[in-house]
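What's in protein-v2.cif: mmCIF, C-alpha atoms and all ligand atoms
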```cif
data_work
loop_
_atom_site.label_atom_id
_atom_site.label_comp_id
_atom_site.auth_asym_id
_atom_site.auth_seq_id
_atom_site.Cartn_x
_atom_site.Cartn_y
_atom_site.Cartn_z
CA MET N 488 0.00 0.00 0.00
CA GLY N 489 2.64 2.53 1.11
CA THR N 490 5.01 1.26 -1.55
CA SER N 491 2.50 1.57 -4.35
CA LEU N 492 1.74 5.12 -3.26
CA ILE N 493 5.44 5.96 -3.53
CA MET N 494 5.60 4.24 -6.91
CA MET N 495 2.67 6.32 -8.08
CA ARG N 496 4.44 9.50 -6.99
CA VAL N 497 7.59 8.45 -8.81
CA LEU N 498 5.59 7.78 -11.96
CA LEU N 499 3.54 10.96 -11.75
CA PHE N 500 6.17 13.43 -10.60
CA PRO N 501 9.58 12.35 -11.83
CA GLY N 502 10.51 15.98 -12.43
CA LEU N 503 9.69 16.96 -8.86
CA ILE N 504 11.76 14.13 -7.43
CA LEU N 505 14.70 14.90 -9.68
CA GLN N 506 14.50 18.54 -8.61
CA SER N 507 14.55 17.67 -4.91
CA VAL N 508 17.59 15.45 -5.44
CA LEU N 509 19.41 18.20 -7.34
CA ALA N 510 18.44 21.04 -4.98
CA GLY N 511 21.00 22.15 -2.41
CA CYS N 512 24.56 23.31 -2.65
CA ASN N 513 26.47 20.26 -3.89
CA ASN N 514 30.14 21.26 -3.79
CA TRP N 515 29.38 24.88 -2.80
CA ASP N 516 29.28 25.83 0.92
CA GLN N 517 25.81 26.39 2.37
CA PHE N 518 25.02 29.23 4.75
CA GLY N 519 21.39 30.14 5.39
CA ASP N 520 19.42 30.09 2.15
CA SER N 521 22.47 30.55 -0.08
CA CYS N 522 25.37 28.53 -1.41
CA TYR N 523 28.87 30.00 -1.78
CA LEU N 524 31.76 29.21 -4.08
CA PHE N 525 35.11 30.59 -2.97
CA ASN N 526 37.22 30.98 -6.10
CA GLU N 527 40.92 31.56 -5.43
CA THR N 528 41.74 32.61 -8.98
CA SER N 529 42.87 36.27 -8.86
CA ILE N 530 41.02 38.23 -11.53
CA ILE N 531 39.70 41.75 -12.09
CA TRP N 532 36.27 42.59 -10.70
CA MET N 533 34.43 42.48 -14.04
CA GLN N 534 35.81 39.01 -14.81
CA ALA N 535 34.81 37.85 -11.33
CA MET N 536 31.25 39.01 -11.93
CA TRP N 537 31.19 37.17 -15.24
CA SER N 538 32.77 34.02 -13.76
CA CYS N 539 30.05 33.82 -11.09
CA TYR N 540 27.37 34.25 -13.73
CA GLU N 541 28.91 31.41 -15.76
CA SER N 542 28.90 29.12 -12.74
CA GLY N 543 25.16 29.70 -12.26
CA GLY N 544 25.21 32.33 -9.53
CA TRP N 545 26.19 35.92 -8.88
CA ILE N 546 29.16 37.63 -7.26
CA VAL N 547 28.45 37.67 -3.52
CA GLN N 548 25.88 40.19 -2.26
CA ILE N 549 26.34 40.80 1.46
CA ASP N 550 22.97 41.43 3.05
CA SER N 551 23.67 40.96 6.74
CA GLN N 552 26.31 40.93 9.43
CA ASP N 553 26.00 37.14 9.67
CA GLU N 554 26.67 36.74 5.96
CA ASP N 555 29.56 39.23 6.18
CA ASN N 556 31.14 37.28 9.03
CA PHE N 557 30.63 34.01 7.16
CA ILE N 558 32.57 35.37 4.15
CA VAL N 559 35.36 36.63 6.42
CA GLY N 560 35.47 33.16 8.01
CA LEU N 561 35.98 31.58 4.57
CA MET N 562 38.82 34.04 3.85
CA LYS N 563 40.59 33.28 7.12
CA ALA N 564 40.19 29.51 6.71
CA ARG N 565 41.90 29.78 3.31
CA TYR N 566 44.49 32.40 4.30
CA VAL N 567 43.23 34.68 1.54
CA ASP N 568 43.95 38.36 2.27
CA THR N 569 41.48 40.07 -0.05
CA VAL N 570 38.32 39.09 -1.97
CA TRP N 571 36.03 40.84 -4.41
CA THR N 572 32.34 41.15 -3.56
CA GLY N 573 29.52 42.37 -5.81
CA GLY N 574 29.61 45.97 -4.54
CA PHE N 575 30.00 48.49 -7.35
CA ALA N 576 29.90 52.30 -7.42
CA THR N 577 28.05 54.41 -9.93
CA ALA N 578 26.32 57.56 -8.66
CA HIS N 579 25.78 55.48 -5.51
CA TRP N 580 26.89 52.07 -4.22
CA GLN N 581 24.91 49.05 -5.35
CA TRP N 582 25.20 45.29 -5.49
CA MET N 583 25.70 43.84 -8.93
CA PRO N 584 24.03 42.32 -10.80
CA SER N 585 20.86 42.90 -8.70
CA PHE N 586 21.30 46.73 -8.67
CA ILE N 587 20.11 46.69 -5.05
CA ARG N 588 21.37 49.80 -3.33
CA ILE N 589 23.93 49.26 -0.57
CA LYS N 590 22.38 50.90 2.44
CA GLU N 591 20.50 48.47 4.72
CA TYR N 592 23.67 46.75 5.83
CA THR N 593 27.14 48.27 5.39
CA ASN N 594 30.50 47.59 7.02
CA TRP N 595 32.95 50.09 5.59
CA SER N 596 36.37 50.27 7.13
CA GLN N 597 37.19 53.60 8.81
CA GLY N 598 37.52 56.36 6.20
CA GLN N 599 36.12 54.19 3.37
CA PRO N 600 34.87 54.38 0.72
CA ASP N 601 37.46 57.06 -0.17
CA ASN N 602 37.66 56.66 -3.96
CA ALA N 603 41.42 57.13 -3.70
CA GLU N 604 42.86 59.01 -6.68
CA GLY N 605 39.35 58.91 -8.17
CA LYS N 606 39.97 55.33 -9.30
CA GLU N 607 38.13 53.11 -6.84
CA GLY N 608 34.69 51.71 -7.64
CA CYS N 609 34.61 48.07 -6.55
CA LEU N 610 34.03 46.64 -3.08
CA SER N 611 36.62 44.33 -1.55
CA ILE N 612 37.00 42.84 1.90
CA SER N 613 40.60 42.77 3.02
CA LYS N 614 42.83 41.82 5.89
CA PHE N 615 44.43 45.24 5.25
CA SER N 616 41.14 46.95 6.08
CA HIS N 617 40.67 44.77 9.18
CA TYR N 618 38.30 42.47 7.25
CA LYS N 619 35.93 45.37 6.73
CA TRP N 620 34.88 46.91 3.41
CA ASN N 621 37.09 48.99 1.15
CA ASP N 622 36.60 50.46 -2.29
CA GLU N 623 39.47 49.76 -4.60
CA ALA N 624 40.39 49.91 -8.26
CA CYS N 625 38.25 47.44 -10.23
CA GLY N 626 41.28 46.47 -12.33
CA ASN N 627 43.08 44.94 -9.33
CA ARG N 628 43.15 41.14 -9.28
CA HIS N 629 41.74 39.18 -6.35
CA PRO N 630 40.05 35.92 -5.50
CA PHE N 631 36.27 36.28 -5.25
CA VAL N 632 33.15 34.66 -3.83
CA CYS N 633 30.10 33.58 -5.81
CA GLU N 634 26.64 33.09 -4.32
CA LYS N 635 23.52 31.27 -5.50
CA SER N 636 20.21 30.28 -3.98
CA ALA N 637 20.13 26.98 -2.07
CA ASN N 638 16.48 26.48 -3.10
CA SER N 639 16.72 26.39 -6.86
C1 LIG V 701 37.21 30.10 -10.87
O1 LIG V 701 37.25 31.17 -11.78
C2 LIG V 701 38.00 30.89 -12.95
C3 LIG V 701 38.08 32.20 -13.75
O2 LIG V 701 36.80 32.60 -14.18
C4 LIG V 701 37.32 29.76 -13.70
O3 LIG V 701 38.08 29.43 -14.86
C5 LIG V 701 37.20 28.53 -12.80
O4 LIG V 701 36.44 27.55 -13.45
C6 LIG V 701 36.51 28.92 -11.50
N1 LIG V 701 36.53 27.77 -10.59
C7 LIG V 701 35.41 27.17 -10.19
C8 LIG V 701 35.59 26.05 -9.24
O5 LIG V 701 34.30 27.51 -10.58
C1 LIG V 702 32.21 44.16 10.23
O1 LIG V 702 33.42 43.48 9.99
C2 LIG V 702 34.07 43.04 11.18
C3 LIG V 702 35.40 42.39 10.74
O2 LIG V 702 35.15 41.33 9.84
C4 LIG V 702 33.16 42.07 11.92
O3 LIG V 702 33.77 41.68 13.16
C5 LIG V 702 31.81 42.71 12.21
O4 LIG V 702 30.92 41.76 12.77
C6 LIG V 702 31.21 43.24 10.90
N1 LIG V 702 29.91 43.88 11.09
C7 LIG V 702 29.68 44.94 11.88
C8 LIG V 702 28.31 45.52 11.87
O5 LIG V 702 30.54 45.41 12.60
CA CA V 703 23.62 37.36 -0.04
CA CA V 704 39.51 52.80 -0.73
#
```

What would the structure in this file look like if it were written as structure tokens?
Amino acid sequence: MGTSLIMMRVLLFPGLILQSVLAGCNNWDQFGDSCYLFNETSIIWMQAMWSCYESGGWIVQIDSQDEDNFIVGLMKARYVDTVWTGGFATAHWQWMPSFIRIKEYTNWSQGQPDNAEGKEGCLSISKFSHYKWNDEACGNRHPFVCEKSANS
């Protein structure tokens, strides 16, 4: 009786079952409702954004202190000094590629963002800014973190 019910579900909803098997983070790290891929290849910010898109996610968007601390934990565990995040400056600071304005949660290092020499428009987290946020030149090369939803 129970078995035939399960069989019926398998026959009627193979797509649903496949989806539930495939859902989750696989080889990405899960934290809350997201999965994270820490990529240690040092590349410029624009390439990092593209790389995350190609791997099915987006360059990390930091929405909370917990998420911020999680990313810093990954950096320390891997002895990586600096990572790119999805923060990008136009007339104001926003997360790319969502265009969500950076204002609910921020964690700028003291005196940042300073747009030093008028050349800094991308948001990194660095040991050299005490693991807080800094704006730096988008053409610098760093490892980066990708994020994707754990539920899709
Ligand atoms: C890390 O990024 C590089 C550069 O885009 C890419 O070639 C490589 O496949 C990425 N690694 C993973 C595990 O996605
Ligand atoms: C800001 O970054 C520091 C260093 O990573 C961390 O200890 C802190 O929890 C973060 N958030 C806030 C709101 O201070
Ligand atoms: Ca996020
Ligand atoms: Ca700066």

Contacts of region 524-538 of chain N within 7 Å, all atoms listed in the file, excl. fewer than 2 positions in-chain, as a PDB file with C-alpha atoms, in the frame of the given file:
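Everything below was put into around-v2.pdb:
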```pdb
ATOM      1  CA  TRP N 515      29.380  24.880  -2.800  1.00  0.00           C
ATOM      2  CA  ASP N 516      29.280  25.830   0.920  1.00  0.00           C
ATOM      3  CA  CYS N 522      25.370  28.530  -1.410  1.00  0.00           C
ATOM      4  CA  TYR N 540      27.370  34.250 -13.730  1.00  0.00           C
ATOM      5  CA  GLU N 541      28.910  31.410 -15.760  1.00  0.00           C
ATOM      6  CA  SER N 542      28.900  29.120 -12.740  1.00  0.00           C
ATOM      7  CA  TRP N 545      26.190  35.920  -8.880  1.00  0.00           C
ATOM      8  CA  ILE N 546      29.160  37.630  -7.260  1.00  0.00           C
ATOM      9  CA  TRP N 571      36.030  40.840  -4.410  1.00  0.00           C
ATOM     10  CA  CYS N 625      38.250  47.440 -10.230  1.00  0.00           C
ATOM     11  CA  GLY N 626      41.280  46.470 -12.330  1.00  0.00           C
ATOM     12  CA  ASN N 627      43.080  44.940  -9.330  1.00  0.00           C
ATOM     13  CA  ARG N 628      43.150  41.140  -9.280  1.00  0.00           C
ATOM     14  CA  HIS N 629      41.740  39.180  -6.350  1.00  0.00           C
ATOM     15  CA  PRO N 630      40.050  35.920  -5.500  1.00  0.00           C
ATOM     16  CA  PHE N 631      36.270  36.280  -5.250  1.00  0.00           C
ATOM     17  CA  VAL N 632      33.150  34.660  -3.830  1.00  0.00           C
ATOM     18  CA  CYS N 633      30.100  33.580  -5.810  1.00  0.00           C
ATOM     19  CA  GLU N 634      26.640  33.090  -4.320  1.00  0.00           C
TER      20      GLU N 634
END
```

Practice problem: Counting all atoms listed in the file, figure out which residue out of N:Ala637, N:Leu610, N:Val567, N:Ala624 gets nearest to ligand CA 703 (chain V). | Solution: N:Ala637

Self-check item: Residue nearest ligand CA 704 (chain V) among N:Ser596, N:Ser585, N:Thr572, N:Asn514 (counting all atoms listed in the file)
Solution: N:Ser596

Practice problem: Grab me every residue within 9 Å of ligand CA 703 (chain V), counting all atoms listed in the file, and send it over as a VMD selection string. | Solution: chain N and resid 520 to 521 547 to 551 554 to 555 634 to 636

Could you turn the residues from that selection into a file that holds C-alpha atoms, as a PDB file, in the frame of the given file?
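Result file is result_9.pdb:
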```
ATOM      1  CA  ASP N 520      19.420  30.090   2.150  1.00  0.00           C
ATOM      2  CA  SER N 521      22.470  30.550  -0.080  1.00  0.00           C
ATOM      3  CA  VAL N 547      28.450  37.670  -3.520  1.00  0.00           C
ATOM      4  CA  GLN N 548      25.880  40.190  -2.260  1.00  0.00           C
ATOM      5  CA  ILE N 549      26.340  40.800   1.460  1.00  0.00           C
ATOM      6  CA  ASP N 550      22.970  41.430   3.050  1.00  0.00           C
ATOM      7  CA  SER N 551      23.670  40.960   6.740  1.00  0.00           C
ATOM      8  CA  GLU N 554      26.670  36.740   5.960  1.00  0.00           C
ATOM      9  CA  ASP N 555      29.560  39.230   6.180  1.00  0.00           C
ATOM     10  CA  GLU N 634      26.640  33.090  -4.320  1.00  0.00           C
ATOM     11  CA  LYS N 635      23.520  31.270  -5.500  1.00  0.00           C
ATOM     12  CA  SER N 636      20.210  30.280  -3.980  1.00  0.00           C
TER      13      SER N 636
END
```

Exercise. For ligand LIG 702 (chain V), collect every residue having any atom at a distance of at most 7 Å from a ligand atom (counting all atoms listed in the file); output as a list of chain:residue names.
Key: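 Listed by chain and ascending number, the contacts are N:Gln552, N:Asp555, N:Asn556, N:Val559, N:Asn594, N:His617, N:Tyr618, N:Lys619.
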
Selected residues, C-alpha atoms, written as an mmCIF file, in the frame of the given file, please.
```cif
data_model
loop_
_atom_site.group_PDB
_atom_site.id
_atom_site.type_symbol
_atom_site.label_atom_id
_atom_site.label_comp_id
_atom_site.auth_asym_id
_atom_site.auth_seq_id
_atom_site.Cartn_x
_atom_site.Cartn_y
_atom_site.Cartn_z
ATOM 1 C CA GLN N 552 26.310 40.930 9.430
ATOM 2 C CA ASP N 555 29.560 39.230 6.180
ATOM 3 C CA ASN N 556 31.140 37.280 9.030
ATOM 4 C CA VAL N 559 35.360 36.630 6.420
ATOM 5 C CA ASN N 594 30.500 47.590 7.020
ATOM 6 C CA HIS N 617 40.670 44.770 9.180
ATOM 7 C CA TYR N 618 38.300 42.470 7.250
ATOM 8 C CA LYS N 619 35.930 45.370 6.730
#
```

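What separates CA of Lys614 (chain N) from CA of Thr569 (chain N) is a distance of 6.3 Å.
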
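Nearest-residue note for ligand LIG 701 (chain V): choosing from N:Val570, N:Gly511, N:Cys539, N:Gln517, the minimum distance belongs to N:Cys539, counting only C-alpha atoms and all ligand atoms.
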
Counting all atoms listed in the file, which residues in chain N sit no more than 10 Å from ligand CA 704 (chain V)? For each one, give the nearest pair of atoms and the distance in Å, sorted by chain then residue number, as a tab-separated table.
```
residue	atom	partner	partner_atom	distance
N:Trp595	CA	V:CA704	CA	9.5
N:Ser596	CA	V:CA704	CA	8.8
N:Gln597	CA	V:CA704	CA	9.9
N:Gly598	CA	V:CA704	CA	8.0
N:Gln599	CA	V:CA704	CA	5.5
N:Pro600	CA	V:CA704	CA	5.1
N:Asp601	CA	V:CA704	CA	4.8
N:Asn602	CA	V:CA704	CA	5.4
N:Ala603	CA	V:CA704	CA	5.6
N:Glu604	CA	V:CA704	CA	9.2
N:Gly605	CA	V:CA704	CA	9.6
N:Lys606	CA	V:CA704	CA	8.9
N:Glu607	CA	V:CA704	CA	6.3
N:Gly608	CA	V:CA704	CA	8.5
N:Cys609	CA	V:CA704	CA	9.0
N:Leu610	CA	V:CA704	CA	8.6
N:Ser611	CA	V:CA704	CA	9.0
N:Ser616	CA	V:CA704	CA	9.1
N:Trp620	CA	V:CA704	CA	8.6
N:Asn621	CA	V:CA704	CA	4.9
N:Asp622	CA	V:CA704	CA	4.0
N:Glu623	CA	V:CA704	CA	4.9
N:Ala624	CA	V:CA704	CA	8.1
```

Quiz item: Which is closest to Thr593 (chain N) among N:Tyr523, N:Asp553, N:Ser639, N:Ala564, if we use all atoms listed in the file?
Solution: N:Asp553

Quiz item: Could you state the separation of atom O1 of ligand LIG 701 (chain V) and CA of Ser613 (chain N) in Å, given to one decimal place?
Solution: 19.1 Å

Quiz item: When you draw a straight line from atom C8 of ligand LIG 701 (chain V) to CA of Cys512 (chain N), how long is it in Å?
Solution: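 Going from atom C8 of ligand LIG 701 (chain V) over to CA of Cys512 (chain N), I get 13.1 Å.
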
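With all atoms listed in the file as the basis for measurement, N:Gly544 is the residue among N:Gly519, N:Ala576, N:Gln581, N:Gly544 that approaches ligand LIG 701 (chain V) most closely.
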
Taking every listed atom of region 589-605 of chain N and adding 3 Å to each side, what centre and edge lengths in Å (one decimal) does the axis-aligned box have, as JSON?
```
{"center_x": 31.7, "center_y": 52.9, "center_z": 0.3, "size_x": 28.4, "size_y": 18.3, "size_z": 23.0}
```

Could you rebuild region 512-548 of chain N with N, CA and C atoms and give it back as a tab-separated table (two decimals), in the coordinates of the input?
```
chain	number	residue	atom	x	y	z
N	512	CYS	N	23.35	22.61	-2.25
N	512	CYS	CA	24.56	23.31	-2.65
N	512	CYS	C	25.61	22.46	-3.34
N	513	ASN	N	25.45	21.14	-3.31
N	513	ASN	CA	26.47	20.26	-3.89
N	513	ASN	C	27.85	20.62	-3.37
N	514	ASN	N	28.77	20.98	-4.26
N	514	ASN	CA	30.14	21.26	-3.79
N	514	ASN	C	30.35	22.72	-3.37
N	515	TRP	N	29.27	23.52	-3.33
N	515	TRP	CA	29.38	24.88	-2.80
N	515	TRP	C	29.09	24.81	-1.29
N	516	ASP	N	29.53	25.80	-0.52
N	516	ASP	CA	29.28	25.83	0.92
N	516	ASP	C	27.92	26.45	1.19
N	517	GLN	N	27.12	25.81	2.04
N	517	GLN	CA	25.81	26.39	2.37
N	517	GLN	C	25.89	27.25	3.62
N	518	PHE	N	25.20	28.38	3.57
N	518	PHE	CA	25.02	29.23	4.75
N	518	PHE	C	23.66	29.88	4.61
N	519	GLY	N	22.76	29.62	5.52
N	519	GLY	CA	21.39	30.14	5.39
N	519	GLY	C	20.76	29.60	4.12
N	520	ASP	N	20.13	30.50	3.37
N	520	ASP	CA	19.42	30.09	2.15
N	520	ASP	C	20.30	30.18	0.91
N	521	SER	N	21.59	30.40	1.08
N	521	SER	CA	22.47	30.55	-0.08
N	521	SER	C	23.61	29.53	-0.07
N	522	CYS	N	24.20	29.37	-1.24
N	522	CYS	CA	25.37	28.53	-1.41
N	522	CYS	C	26.50	29.45	-1.88
N	523	TYR	N	27.72	29.13	-1.48
N	523	TYR	CA	28.87	30.00	-1.78
N	523	TYR	C	30.01	29.20	-2.40
N	524	LEU	N	30.58	29.78	-3.43
N	524	LEU	CA	31.76	29.21	-4.08
N	524	LEU	C	32.92	30.19	-3.90
N	525	PHE	N	33.93	29.75	-3.20
N	525	PHE	CA	35.11	30.59	-2.97
N	525	PHE	C	36.09	30.26	-4.08
N	526	ASN	N	36.35	31.23	-4.95
N	526	ASN	CA	37.22	30.98	-6.10
N	526	ASN	C	38.54	31.72	-5.88
N	527	GLU	N	39.62	30.96	-5.77
N	527	GLU	CA	40.92	31.56	-5.43
N	527	GLU	C	41.69	32.09	-6.62
N	528	THR	N	41.09	32.01	-7.80
N	528	THR	CA	41.74	32.61	-8.98
N	528	THR	C	41.69	34.13	-8.85
N	529	SER	N	42.83	34.81	-8.97
N	529	SER	CA	42.87	36.27	-8.86
N	529	SER	C	42.56	36.90	-10.21
N	530	ILE	N	41.43	37.58	-10.28
N	530	ILE	CA	41.02	38.23	-11.53
N	530	ILE	C	40.41	39.60	-11.23
N	531	ILE	N	40.28	40.41	-12.28
N	531	ILE	CA	39.70	41.75	-12.09
N	531	ILE	C	38.20	41.61	-11.80
N	532	TRP	N	37.65	42.66	-11.20
N	532	TRP	CA	36.27	42.59	-10.70
N	532	TRP	C	35.27	42.18	-11.78
N	533	MET	N	35.40	42.77	-12.98
N	533	MET	CA	34.43	42.48	-14.04
N	533	MET	C	34.48	41.00	-14.44
N	534	GLN	N	35.68	40.44	-14.49
N	534	GLN	CA	35.81	39.01	-14.81
N	534	GLN	C	35.21	38.15	-13.70
N	535	ALA	N	35.36	38.60	-12.46
N	535	ALA	CA	34.81	37.85	-11.33
N	535	ALA	C	33.28	37.83	-11.43
N	536	MET	N	32.70	38.96	-11.78
N	536	MET	CA	31.25	39.01	-11.93
N	536	MET	C	30.80	38.05	-13.03
N	537	TRP	N	31.53	38.04	-14.12
N	537	TRP	CA	31.19	37.17	-15.24
N	537	TRP	C	31.38	35.69	-14.87
N	538	SER	N	32.47	35.39	-14.17
N	538	SER	CA	32.77	34.02	-13.76
N	538	SER	C	31.64	33.46	-12.89
N	539	CYS	N	31.15	34.27	-11.96
N	539	CYS	CA	30.05	33.82	-11.09
N	539	CYS	C	28.79	33.57	-11.89
N	540	TYR	N	28.53	34.43	-12.86
N	540	TYR	CA	27.37	34.25	-13.73
N	540	TYR	C	27.49	32.93	-14.48
N	541	GLU	N	28.70	32.65	-15.00
N	541	GLU	CA	28.91	31.41	-15.76
N	541	GLU	C	28.76	30.17	-14.90
N	542	SER	N	29.05	30.31	-13.60
N	542	SER	CA	28.90	29.12	-12.74
N	542	SER	C	27.50	29.04	-12.14
N	543	GLY	N	26.57	29.84	-12.64
N	543	GLY	CA	25.16	29.70	-12.26
N	543	GLY	C	24.75	30.53	-11.06
N	544	GLY	N	25.56	31.49	-10.68
N	544	GLY	CA	25.21	32.33	-9.53
N	544	GLY	C	25.48	33.79	-9.81
N	545	TRP	N	25.85	34.50	-8.76
N	545	TRP	CA	26.19	35.92	-8.88
N	545	TRP	C	27.35	36.19	-7.92
N	546	ILE	N	28.07	37.27	-8.16
N	546	ILE	CA	29.16	37.63	-7.26
N	546	ILE	C	28.52	38.05	-5.92
N	547	VAL	N	29.13	37.63	-4.82
N	547	VAL	CA	28.45	37.67	-3.52
N	547	VAL	C	27.85	39.04	-3.17
N	548	GLN	N	26.62	39.00	-2.73
N	548	GLN	CA	25.88	40.19	-2.26
N	548	GLN	C	25.72	40.04	-0.75
```
